[in-house]
$ cat final_17.tsv   # TSV, C-alpha atoms
chain	number	residue	atom	x	y	z
H	1	MET	CA	98.38	87.98	71.18
H	2	ALA	CA	97.66	91.59	71.97
H	3	LEU	CA	98.35	91.42	75.69
H	4	VAL	CA	101.66	89.64	75.32
H	5	TYR	CA	102.93	92.05	72.69
H	6	LYS	CA	101.41	95.30	73.90
H	7	LEU	CA	102.36	94.80	77.54
H	8	GLN	CA	105.69	93.11	76.85
H	9	ALA	CA	107.50	95.97	78.55
H	10	PHE	CA	106.18	94.89	81.92
H	11	SER	CA	108.17	91.66	81.64
H	12	SER	CA	111.38	93.63	81.98
H	13	PHE	CA	110.32	95.40	85.17
H	14	SER	CA	112.31	94.45	88.23
H	15	VAL	CA	109.83	94.60	91.07
H	16	SER	CA	111.37	96.39	94.00
H	17	ALA	CA	111.59	94.41	97.23
H	18	GLN	CA	109.75	97.16	99.08
H	19	ASN	CA	106.81	97.26	96.69
H	20	TYR	CA	106.82	93.48	96.30
H	21	ASN	CA	106.34	93.17	100.05
H	22	LYS	CA	103.58	95.75	99.98
H	23	VAL	CA	101.70	93.95	97.23
H	24	THR	CA	102.06	90.49	98.76
H	25	SER	CA	101.08	91.82	102.17
H	26	LEU	CA	97.98	93.34	100.65
H	27	ILE	CA	97.11	89.98	99.08
H	28	THR	CA	97.33	88.03	102.29
H	29	ASN	CA	96.79	90.30	105.25
H	30	PRO	CA	93.23	91.04	106.41
H	31	ILE	CA	94.45	93.96	108.52
H	32	CYS	CA	94.95	95.91	105.31
H	33	SER	CA	91.22	95.89	104.62
H	34	LEU	CA	90.14	97.65	107.80
H	35	HIS	CA	90.26	101.07	106.15
H	36	TYR	CA	87.70	99.87	103.57
H	37	LYS	CA	85.57	97.70	105.82
H	38	SER	CA	82.38	99.71	105.37
H	39	SER	CA	82.53	99.98	101.59
H	40	PRO	CA	80.14	97.89	99.49
H	41	PHE	CA	82.49	98.27	96.51
H	42	THR	CA	85.96	97.04	95.58
H	43	GLU	CA	88.39	99.61	96.93
H	44	LYS	CA	91.83	99.76	95.37
H	45	HIS	CA	93.82	97.95	98.08
H	46	SER	CA	91.06	96.06	99.89
H	47	ILE	CA	91.57	92.47	100.92
H	48	GLU	CA	88.44	91.51	98.95
H	49	ARG	CA	90.11	92.61	95.74
H	50	TYR	CA	93.24	90.54	96.32
H	51	GLN	CA	91.31	87.51	97.48
H	52	ARG	CA	89.23	87.52	94.30
H	53	ASP	CA	92.28	88.08	92.11
H	54	ARG	CA	94.66	85.80	94.03
H	55	TRP	CA	95.04	83.48	91.02
H	56	LEU	CA	97.06	86.27	89.39
H	57	TYR	CA	99.78	86.07	92.05
H	58	GLN	CA	100.20	82.31	92.46
H	59	SER	CA	103.56	82.26	90.69
H	60	GLN	CA	104.86	85.11	92.85
H	61	VAL	CA	103.80	84.33	96.39
H	62	GLU	CA	102.58	81.39	98.46
H	63	LEU	CA	99.55	82.86	100.12
H	64	SER	CA	99.55	80.62	103.15
H	65	GLN	CA	103.12	81.53	104.10
H	66	CYS	CA	102.64	85.24	104.71
H	67	GLN	CA	103.58	86.00	108.30
H	68	SER	CA	103.25	89.76	108.23
H	69	SER	CA	101.02	91.19	110.97
H	70	SER	CA	100.52	94.63	109.50
H	71	CYS	CA	100.86	96.52	106.27
H	72	SER	CA	101.04	100.05	104.96
H	73	LEU	CA	99.28	101.38	101.90
H	74	PRO	CA	101.55	102.32	98.99
H	75	SER	CA	102.90	105.83	98.98
H	76	ASP	CA	103.96	105.75	95.31
H	77	SER	CA	100.80	104.91	93.38
H	78	GLU	CA	102.39	104.65	89.93
H	79	SER	CA	105.23	102.47	91.17
H	80	ILE	CA	102.90	100.11	93.01
H	81	ARG	CA	100.64	99.98	89.94
H	82	GLU	CA	103.48	98.97	87.64
H	83	ASP	CA	104.81	96.44	90.11
H	84	ASP	CA	101.34	95.00	90.55
H	85	ILE	CA	100.98	94.52	86.79
H	86	ALA	CA	104.43	92.94	86.60
H	87	LEU	CA	103.44	90.47	89.31
H	88	GLN	CA	100.26	89.55	87.45
H	89	LEU	CA	101.76	89.14	84.00
H	90	PRO	CA	103.02	85.51	84.31
H	91	GLU	CA	99.59	84.19	85.30
H	92	LEU	CA	97.86	86.29	82.64
H	93	LYS	CA	100.12	84.72	80.00
H	94	LYS	CA	99.43	81.24	81.38
H	95	LEU	CA	95.69	81.79	81.21
H	96	LEU	CA	95.92	83.02	77.64
H	97	GLU	CA	97.81	79.88	76.67
H	98	VAL	CA	95.24	77.65	78.39
H	99	LEU	CA	92.39	79.39	76.59
H	100	LYS	CA	94.21	79.17	73.27
H	101	ARG	CA	94.84	75.42	73.67
H	102	LYS	CA	91.20	74.89	74.67
H	103	ARG	CA	90.02	76.62	71.52
H	104	GLU	CA	92.45	74.66	69.31
H	105	SER	CA	91.27	71.42	70.91
H	106	CYS	CA	87.66	72.23	70.13
H	107	CYS	CA	88.55	73.09	66.56
H	108	GLY	CA	90.47	69.85	66.13
H	109	ASN	CA	87.65	67.70	67.50
H	110	ASP	CA	84.69	68.89	65.46
H	111	GLY	CA	85.94	71.52	63.05
H	112	ASP	CA	83.29	73.94	64.22
H	113	GLY	CA	84.26	77.25	62.64
H	114	GLU	CA	82.40	79.23	65.28
H	115	LYS	CA	84.42	77.66	68.08
H	116	CYS	CA	87.65	78.38	66.20
H	117	GLY	CA	86.99	82.09	65.95
H	118	PRO	CA	87.47	84.78	68.57
H	119	GLY	CA	85.32	84.89	71.66
H	120	ASN	CA	82.62	87.39	72.43
H	121	VAL	CA	82.87	90.37	74.74
H	122	PHE	CA	79.88	91.40	76.83
H	123	LEU	CA	79.68	94.89	78.31
H	124	VAL	CA	77.45	94.35	81.32
H	125	GLY	CA	75.89	97.02	83.50
H	126	THR	CA	75.50	95.96	87.12
H	127	GLY	CA	73.38	98.85	88.37
H	128	PRO	CA	74.13	101.16	91.30
H	129	GLY	CA	75.00	98.44	93.83
H	130	ASP	CA	71.97	96.43	94.90
H	131	PRO	CA	72.39	92.96	93.30
H	132	GLU	CA	68.60	92.58	93.06
H	133	LEU	CA	68.60	95.35	90.45
H	134	LEU	CA	70.58	93.20	87.99
H	135	THR	CA	68.75	92.07	84.88
H	136	VAL	CA	68.13	88.36	84.38
H	137	LYS	CA	70.23	88.51	81.21
H	138	ALA	CA	73.15	90.04	83.10
H	139	VAL	CA	73.08	87.27	85.72
H	140	LYS	CA	73.11	84.57	83.03
H	141	VAL	CA	76.09	86.09	81.23
H	142	VAL	CA	78.03	86.67	84.47
H	143	GLN	CA	77.59	83.04	85.47
H	144	LYS	CA	78.82	81.72	82.10
H	145	ALA	CA	81.89	83.93	81.70
H	146	ASP	CA	85.45	82.63	81.43
H	147	ILE	CA	86.97	85.87	82.66
H	148	LEU	CA	85.46	89.06	84.07
H	149	LEU	CA	87.18	92.44	84.13
H	150	TYR	CA	85.44	94.46	86.82
H	151	ASP	CA	85.43	98.07	87.92
H	152	ARG	CA	85.57	99.59	91.38
H	153	LEU	CA	81.83	100.35	91.45
H	154	VAL	CA	80.71	96.79	90.82
H	155	SER	CA	79.43	95.88	94.26
H	156	ASN	CA	80.81	92.99	96.30
H	157	ASP	CA	77.34	91.41	96.38
H	158	VAL	CA	77.18	91.36	92.59
H	159	LEU	CA	80.60	89.69	92.36
H	160	GLU	CA	79.33	86.87	94.57
H	161	LEU	CA	77.23	85.75	91.59
H	162	VAL	CA	80.25	84.93	89.43
H	163	GLY	CA	80.62	81.26	88.45
H	164	PRO	CA	83.13	79.13	90.44
H	165	ASP	CA	85.43	78.46	87.49
H	166	ALA	CA	85.63	82.03	86.20
H	167	ARG	CA	88.63	84.31	86.65
H	168	LEU	CA	88.22	87.81	88.03
H	169	LEU	CA	90.52	90.69	87.16
H	170	TYR	CA	90.23	94.09	88.85
H	171	VAL	CA	90.70	97.05	86.49
H	172	GLY	CA	89.11	99.73	88.67
H	173	LYS	CA	89.95	103.40	88.79
H	174	THR	CA	89.70	105.94	91.56
H	175	ALA	CA	91.07	109.42	92.08
H	176	GLY	CA	94.86	109.23	92.02
H	177	TYR	CA	95.04	105.51	91.23
H	178	HIS	CA	94.20	103.68	88.02
H	179	SER	CA	94.93	99.96	88.35
H	180	ARG	CA	94.86	99.85	84.53
H	181	THR	CA	94.87	102.65	81.99
H	182	GLN	CA	92.00	102.66	79.52
H	183	GLU	CA	94.36	101.57	76.76
H	184	GLU	CA	95.54	98.61	78.87
H	185	ILE	CA	91.92	97.62	79.49
H	186	HIS	CA	91.33	97.64	75.74
H	187	GLU	CA	94.28	95.33	75.16
H	188	LEU	CA	93.23	92.94	77.91
H	189	LEU	CA	89.73	92.63	76.45
H	190	LEU	CA	91.16	92.06	72.98
H	191	SER	CA	93.69	89.48	74.16
H	192	PHE	CA	91.15	87.30	75.93
H	193	ALA	CA	88.66	87.58	73.10
H	194	GLU	CA	91.34	86.57	70.57
H	195	ALA	CA	92.06	83.52	72.73
H	196	GLY	CA	88.43	82.42	72.31
H	197	ALA	CA	87.21	83.26	75.81
H	198	THR	CA	83.79	84.50	76.82
H	199	VAL	CA	84.82	87.87	78.23
H	200	VAL	CA	82.59	89.95	80.48
H	201	ARG	CA	83.37	93.59	81.20
H	202	LEU	CA	81.51	94.49	84.40
H	203	LYS	CA	80.65	98.13	84.97
H	204	GLY	CA	78.65	99.85	87.67
H	205	GLY	CA	75.38	101.42	86.54
H	206	ASP	CA	74.91	101.27	82.77
H	207	PRO	CA	78.00	100.65	80.62
H	208	LEU	CA	77.06	103.36	78.13
H	209	VAL	CA	76.28	106.13	80.64
H	210	PHE	CA	79.55	107.76	81.77
H	211	GLY	CA	81.12	104.29	81.79
H	212	ARG	CA	83.46	104.54	78.76
H	213	GLY	CA	81.71	101.50	77.36
H	214	GLY	CA	81.39	103.20	74.00
H	215	GLU	CA	85.17	103.55	73.73
H	216	GLU	CA	85.71	99.87	74.53
H	217	MET	CA	83.01	98.78	72.09
H	218	ASP	CA	84.45	100.93	69.31
H	219	PHE	CA	88.00	99.66	69.87
H	220	LEU	CA	86.99	95.99	69.87
H	221	GLN	CA	84.71	96.27	66.86
H	222	GLN	CA	87.55	97.83	64.89
H	223	GLN	CA	89.59	94.72	65.73
H	224	GLY	CA	86.82	92.43	64.44
H	225	ILE	CA	85.55	91.37	67.88
H	226	GLN	CA	81.82	91.02	68.40
H	227	VAL	CA	80.57	93.09	71.34
H	228	LYS	CA	77.20	92.71	73.02
H	229	VAL	CA	75.89	95.29	75.47
H	230	ILE	CA	73.67	94.31	78.38
H	231	PRO	CA	72.26	97.49	79.87
H	232	GLY	CA	72.11	98.14	83.57
H	233	ILE	CA	70.00	100.42	85.70
H	234	THR	CA	71.94	103.66	85.68
H	235	SER	CA	72.54	105.27	89.06
H	236	ALA	CA	70.21	108.17	88.28
H	237	SER	CA	67.22	105.86	87.87
H	238	GLY	CA	68.10	103.39	90.62
H	239	ILE	CA	68.92	105.92	93.30
H	240	ALA	CA	66.08	108.29	92.43
H	241	ALA	CA	63.65	105.37	92.71
H	242	GLU	CA	65.17	104.37	96.06
H	243	LEU	CA	64.46	107.86	97.41
H	244	GLY	CA	61.03	108.18	95.80
H	245	ILE	CA	62.13	110.98	93.48
H	246	PRO	CA	60.45	111.02	90.05
H	247	LEU	CA	63.03	112.32	87.59
H	248	THR	CA	60.24	113.80	85.49
H	249	HIS	CA	56.80	114.81	86.71
H	250	ARG	CA	53.97	116.46	84.87
H	251	GLY	CA	53.80	120.14	85.73
H	252	VAL	CA	57.07	120.01	87.71
H	253	ALA	CA	59.87	118.73	85.46
H	254	ASN	CA	59.45	118.13	81.75
H	255	SER	CA	62.98	116.87	81.13
H	256	VAL	CA	65.99	115.31	82.85
H	257	ARG	CA	69.64	115.89	82.11
H	258	PHE	CA	72.64	113.75	83.12
H	259	LEU	CA	75.88	115.65	83.74
H	260	THR	CA	79.41	114.63	84.67
H	261	GLY	CA	81.23	116.55	87.37
H	262	HIS	CA	84.61	115.81	85.78
H	263	SER	CA	86.23	117.37	82.77
H	264	ARG	CA	88.18	115.10	80.43
H	265	ASN	CA	91.50	116.49	81.62
H	266	GLY	CA	90.60	116.92	85.27
H	267	GLY	CA	90.49	120.23	87.09
H	268	THR	CA	88.14	121.71	89.65
H	269	ASP	CA	85.87	123.74	87.36
H	270	PRO	CA	84.75	121.69	84.33
H	271	LEU	CA	81.11	122.73	84.54
H	272	PHE	CA	80.90	124.81	81.40
H	273	VAL	CA	77.41	123.38	80.77
H	274	ALA	CA	75.90	125.13	83.80
H	275	GLU	CA	74.54	128.03	81.75
H	276	SER	CA	72.38	125.77	79.57
H	277	SER	CA	71.50	123.50	82.50
H	278	ALA	CA	70.05	126.14	84.82
H	279	ASP	CA	66.48	125.34	83.87
H	280	PRO	CA	63.97	125.30	86.76
H	281	ASP	CA	61.67	122.99	84.76
H	282	SER	CA	64.36	120.32	84.32
H	283	THR	CA	65.93	117.79	86.67
H	284	LEU	CA	69.74	117.66	86.82
H	285	VAL	CA	71.56	114.50	87.83
H	286	VAL	CA	75.30	114.87	88.36
H	287	TYR	CA	77.61	111.86	88.29
H	288	MET	CA	81.10	112.09	89.79
H	289	GLY	CA	80.37	115.60	91.01
H	290	LEU	CA	81.35	115.48	94.67
H	291	SER	CA	84.57	117.48	94.36
H	292	THR	CA	83.07	120.06	91.98
H	293	LEU	CA	79.74	120.51	93.78
H	294	PRO	CA	80.56	123.96	95.24
H	295	ALA	CA	81.49	125.29	91.80
H	296	LEU	CA	78.47	123.67	90.17
H	297	ALA	CA	75.97	125.03	92.69
H	298	LEU	CA	77.41	128.53	92.38
H	299	LYS	CA	77.37	128.47	88.58
H	300	LEU	CA	73.81	127.20	88.43
H	301	MET	CA	72.62	129.98	90.73
H	302	GLN	CA	74.61	132.58	88.80
H	303	HIS	CA	72.83	131.46	85.63
H	304	GLY	CA	69.36	131.75	87.11
H	305	LEU	CA	68.51	128.57	89.00
H	306	PRO	CA	66.78	129.63	92.24
H	307	ALA	CA	68.89	129.27	95.36
H	308	ASN	CA	66.05	127.43	97.13
H	309	THR	CA	65.86	124.68	94.48
H	310	PRO	CA	65.51	121.32	96.27
H	311	ALA	CA	68.53	119.03	95.96
H	312	ALA	CA	69.91	115.77	97.27
H	313	ALA	CA	73.31	114.10	97.47
H	314	VAL	CA	73.37	110.32	97.86
H	315	GLU	CA	76.46	108.34	98.81
H	316	ARG	CA	76.64	104.63	97.85
H	317	GLY	CA	73.02	104.61	96.79
H	318	THR	CA	70.90	101.41	96.94
H	319	THR	CA	73.47	99.67	99.19
H	320	PRO	CA	73.22	99.07	102.95
H	321	GLN	CA	75.84	101.83	103.40
H	322	GLN	CA	73.71	104.46	101.65
H	323	ARG	CA	73.80	107.96	103.16
H	324	MET	CA	71.79	111.00	102.06
H	325	VAL	CA	71.81	114.76	102.39
H	326	PHE	CA	68.76	116.82	101.45
H	327	ALA	CA	69.06	120.61	101.21
H	328	GLU	CA	68.25	123.64	99.13
H	329	LEU	CA	70.81	124.25	96.41
H	330	ASN	CA	72.56	127.14	98.18
H	331	ASP	CA	73.14	124.98	101.29
H	332	LEU	CA	73.86	121.62	99.67
H	333	ALA	CA	77.67	121.86	99.36
H	334	ASP	CA	78.09	122.93	102.99
H	335	LYS	CA	75.85	120.14	104.30
H	336	VAL	CA	77.63	117.54	102.16
H	337	ALA	CA	80.96	118.72	103.56
H	338	ARG	CA	79.68	118.53	107.14
H	339	GLU	CA	78.40	114.99	106.62
H	340	GLU	CA	81.72	114.04	104.95
H	341	LEU	CA	80.14	112.14	102.08
H	342	VAL	CA	82.58	110.14	99.98
H	343	SER	CA	82.67	108.79	96.44
H	344	PRO	CA	80.54	107.54	94.80
H	345	THR	CA	77.98	110.27	95.47
H	346	LEU	CA	75.17	111.11	93.07
H	347	ILE	CA	73.64	114.60	93.09
H	348	ILE	CA	70.04	115.31	92.09
H	349	ILE	CA	68.90	118.92	91.65
H	350	GLY	CA	65.39	120.05	90.81
H	351	LYS	CA	61.88	120.65	92.09
H	352	VAL	CA	61.10	116.93	91.86
H	353	VAL	CA	63.38	116.30	94.87
H	354	ALA	CA	60.70	117.91	97.06
H	355	LEU	CA	58.29	115.16	95.95
H	356	SER	CA	60.35	112.57	97.80
H	357	PRO	CA	58.70	111.32	101.00
H	358	LEU	CA	62.06	111.98	102.68
H	359	TRP	CA	61.97	115.74	101.99
H	360	PRO	CA	62.43	117.86	104.12
H	361	LEU	CA	63.54	115.37	106.77
H	362	SER	CA	67.00	115.69	108.23
H	363	SER	CA	69.64	113.34	106.82
H	364	LYS	CA	69.65	111.19	109.98
H	365	GLU	CA	65.86	110.92	109.99
H	366	ALA	CA	65.87	110.02	106.30
H	367	SER	CA	68.51	107.33	106.81
H	368	CYS	CA	66.56	105.80	109.69
H	369	LEU	CA	63.40	105.76	107.61
H	370	MET	CA	65.18	104.04	104.72
H	371	GLU	CA	66.61	101.40	107.06
H	372	ALA	CA	63.10	100.67	108.34
H	373	VAL	CA	61.74	100.03	104.82
$ encode --input "final_17.tsv" --output "structure tokens"
Amino acid sequence: MALVYKLQAFSSFSVSAQNYNKVTSLITNPICSLHYKSSPFTEKHSIERYQRDRWLYQSQVELSQCQSSSCSLPSDSESIREDDIALQLPELKKLLEVLKRKRESCCGNDGDGEKCGPGNVFLVGTGPGDPELLTVKAVKVVQKADILLYDRLVSNDVLELVGPDARLLYVGKTAGYHSRTQEEIHELLLSFAEAGATVVRLKGGDPLVFGRGGEEMDFLQQQGIQVKVIPGITSASGIAAELGIPLTHRGVANSVRFLTGHSRNGGTDPLFVAESSADPDSTLVVYMGLSTLPALALKLMQHGLPANTPAAAVERGTTPQQRMVFAELNDLADKVAREELVSPTLIIIGKVVALSPLWPLSSKEASCLMEAV
């Protein structure tokens, strides 16, 4: 199977005692989660993540025997990542063998060719965070899955809908820490599908809008695996609706454009599209643009977008922890910095922002109004 062969190297890792203790402490110690207490999402070392994925560590640690009263977050991200994978590998192999035997048993009982073939993979969009924005189809697939590989921006509330017998596996990424590389995610999806499982790949927003779902679909289809995509409400639509911002509006904005604030290879200035995007009759929605917002705003103004263009930055949109900043384009970056917004933050720029009932309220007034709704 793909996972066993492709990730065989992890079997030879000797997990350091220091990092082993860090990982097992993170699995069992609620104190570790205090730093992430206010997040509606699965942060990289939160207790929620390790509680959901605890089945992966059963052969390495007896959860009830942890006596540690405190823990420290890893200082060596790559080392802790590799050790974490090495700790998970025995249980991953066990699950693959169980799934394989289950499929062979079904084949032997009724000779159903469909049951003997590989399983299906579903790429499921979970929307921006509010579980009530899930589609009915997404809920049905989530509840029938054998295993779900989920990203950081799949909200905790959405994960509560997973069936009791399903296995969850965190494959999230954040700046400076990728729990799995994209290539490793591909191999995991392939391995479980080859074992006959119903595999669900959970992604925040829509899986085909800045979600790398296209890459996963292409890889699996080349391996002969059937992939079905269940769209989700992309953050641009969900968050704009939450704030009462029409992305297009007759006589105000005749088009909308989705941009990414990251270049493929990183860096602080990837916004080479600013020249063609500085259109006062269009709405710009920037995903993953928090760190590059100062450069983006400057470039847009340099290429002709008026400095007083209405704009908004929305942190953790559609969740109870949502925070907002409204400002004119030339002031937006400074106000975002003062409010200390964190990822994920969506940025909306254009005249339509002024149509929101929250414009031009202060951020605190806007937040209070949203809480009262």
$ closest_atom_pairs --input "final_17.tsv" --of "range 130-196 of chain H" --to "range 325-346 of chain H" --cutoff "12 Å" --atoms "all atoms listed in the file" --output "JSON lines"
{"residue": "H:Arg152", "atom": "CA", "partner": "H:Pro344", "partner_atom": "CA", "distance": 10.0}
{"residue": "H:Leu153", "atom": "CA", "partner": "H:Pro344", "partner_atom": "CA", "distance": 8.0}
{"residue": "H:Val154", "atom": "CA", "partner": "H:Pro344", "partner_atom": "CA", "distance": 11.5}
{"residue": "H:Ser155", "atom": "CA", "partner": "H:Pro344", "partner_atom": "CA", "distance": 11.7}
{"residue": "H:Lys173", "atom": "CA", "partner": "H:Ser343", "partner_atom": "CA", "distance": 11.9}
{"residue": "H:Thr174", "atom": "CA", "partner": "H:Ser343", "partner_atom": "CA", "distance": 9.0}
{"residue": "H:Ala175", "atom": "CA", "partner": "H:Ser343", "partner_atom": "CA", "distance": 9.5}
$ closest_residue --input "final_17.tsv" --among "H:Val256, H:Val200, H:Val121, H:Leu355" --to "Phe219 in chain H" --atoms "only C-alpha atoms"
H:Val121
$ axis_aligned_box --input "final_17.tsv" --around "range 124-141 of chain H" --padding-each-side "3 Å" --output "AutoDock Vina command-line options"
--center_x 72.8 --center_y 92.9 --center_z 88.1 --size_x 15.3 --size_y 22.6 --size_z 19.7
$ closest_residue --input "final_17.tsv" --among "H:Asp206, H:Glu160, H:Asp130, H:Asp165" --to "Asp146 in chain H" --atoms "all atoms listed in the file"
H:Asp165
$ residues_around --input "final_17.tsv" --residues "range 188-192 of chain H" --least-positions-apart "5" --cutoff "9 Å" --atoms "all atoms listed in the file" --output "list in words"
Met1, Ala2, Leu3, Val4, Leu95, Leu96, Leu99, Pro118, Gly119, Val121, Ile147, Leu149, Glu183, Ala197, Thr198, Val199, Val200, Arg201, Glu216, Phe219, Leu220, Gln223 and Ile225 of chain H
$ atom_distance --input "final_17.tsv" --atom1 "CA of Trp55 in chain H" --atom2 "CA of Pro131 in chain H"
24.7 Å
$ closest_residue --input "final_17.tsv" --among "H:Cys116, H:Ala166, H:Val158, H:Leu133" --to "Ser235 in chain H" --atoms "all atoms listed in the file"
H:Leu133
$ residues_around --input "final_17.tsv" --residues "Pro320 in chain H" --least-positions-apart "3" --cutoff "9 Å" --atoms "all atoms listed in the file" --output "ChimeraX atom specification"
/H:40,130,316-317,323,371
$ closest_residue --input "final_17.tsv" --among "H:Pro164, H:Pro128, H:Gly117, H:Pro306" --to "Lys203 in chain H" --atoms "only C-alpha atoms"
H:Pro128
$ atom_distance --input "final_17.tsv" --atom1 "CA of Val139 in chain H" --atom2 "CA of Arg167 in chain H"
15.9 Å
$ closest_residue --input "final_17.tsv" --among "H:Leu284, H:Ala236, H:Leu92, H:Ile80" --to "His45 in chain H" --atoms "all atoms listed in the file"
H:Ile80
$ atom_distance --input "final_17.tsv" --atom1 "CA of Gly213 in chain H" --atom2 "CA of Gly127 in chain H"
14.1 Å
$ residues_around --input "final_17.tsv" --residues "Val209 in chain H" --least-positions-apart "2" --cutoff "10 Å" --atoms "only C-alpha atoms" --output "number ranges by chain"
H: 125, 204-207, 211-214, 231-236, 258, 260, 287
$ closest_residue --input "final_17.tsv" --among "H:Ile47, H:Ala193, H:Ala354, H:Leu305" --to "Asp281 in chain H" --atoms "all atoms listed in the file"
H:Leu305
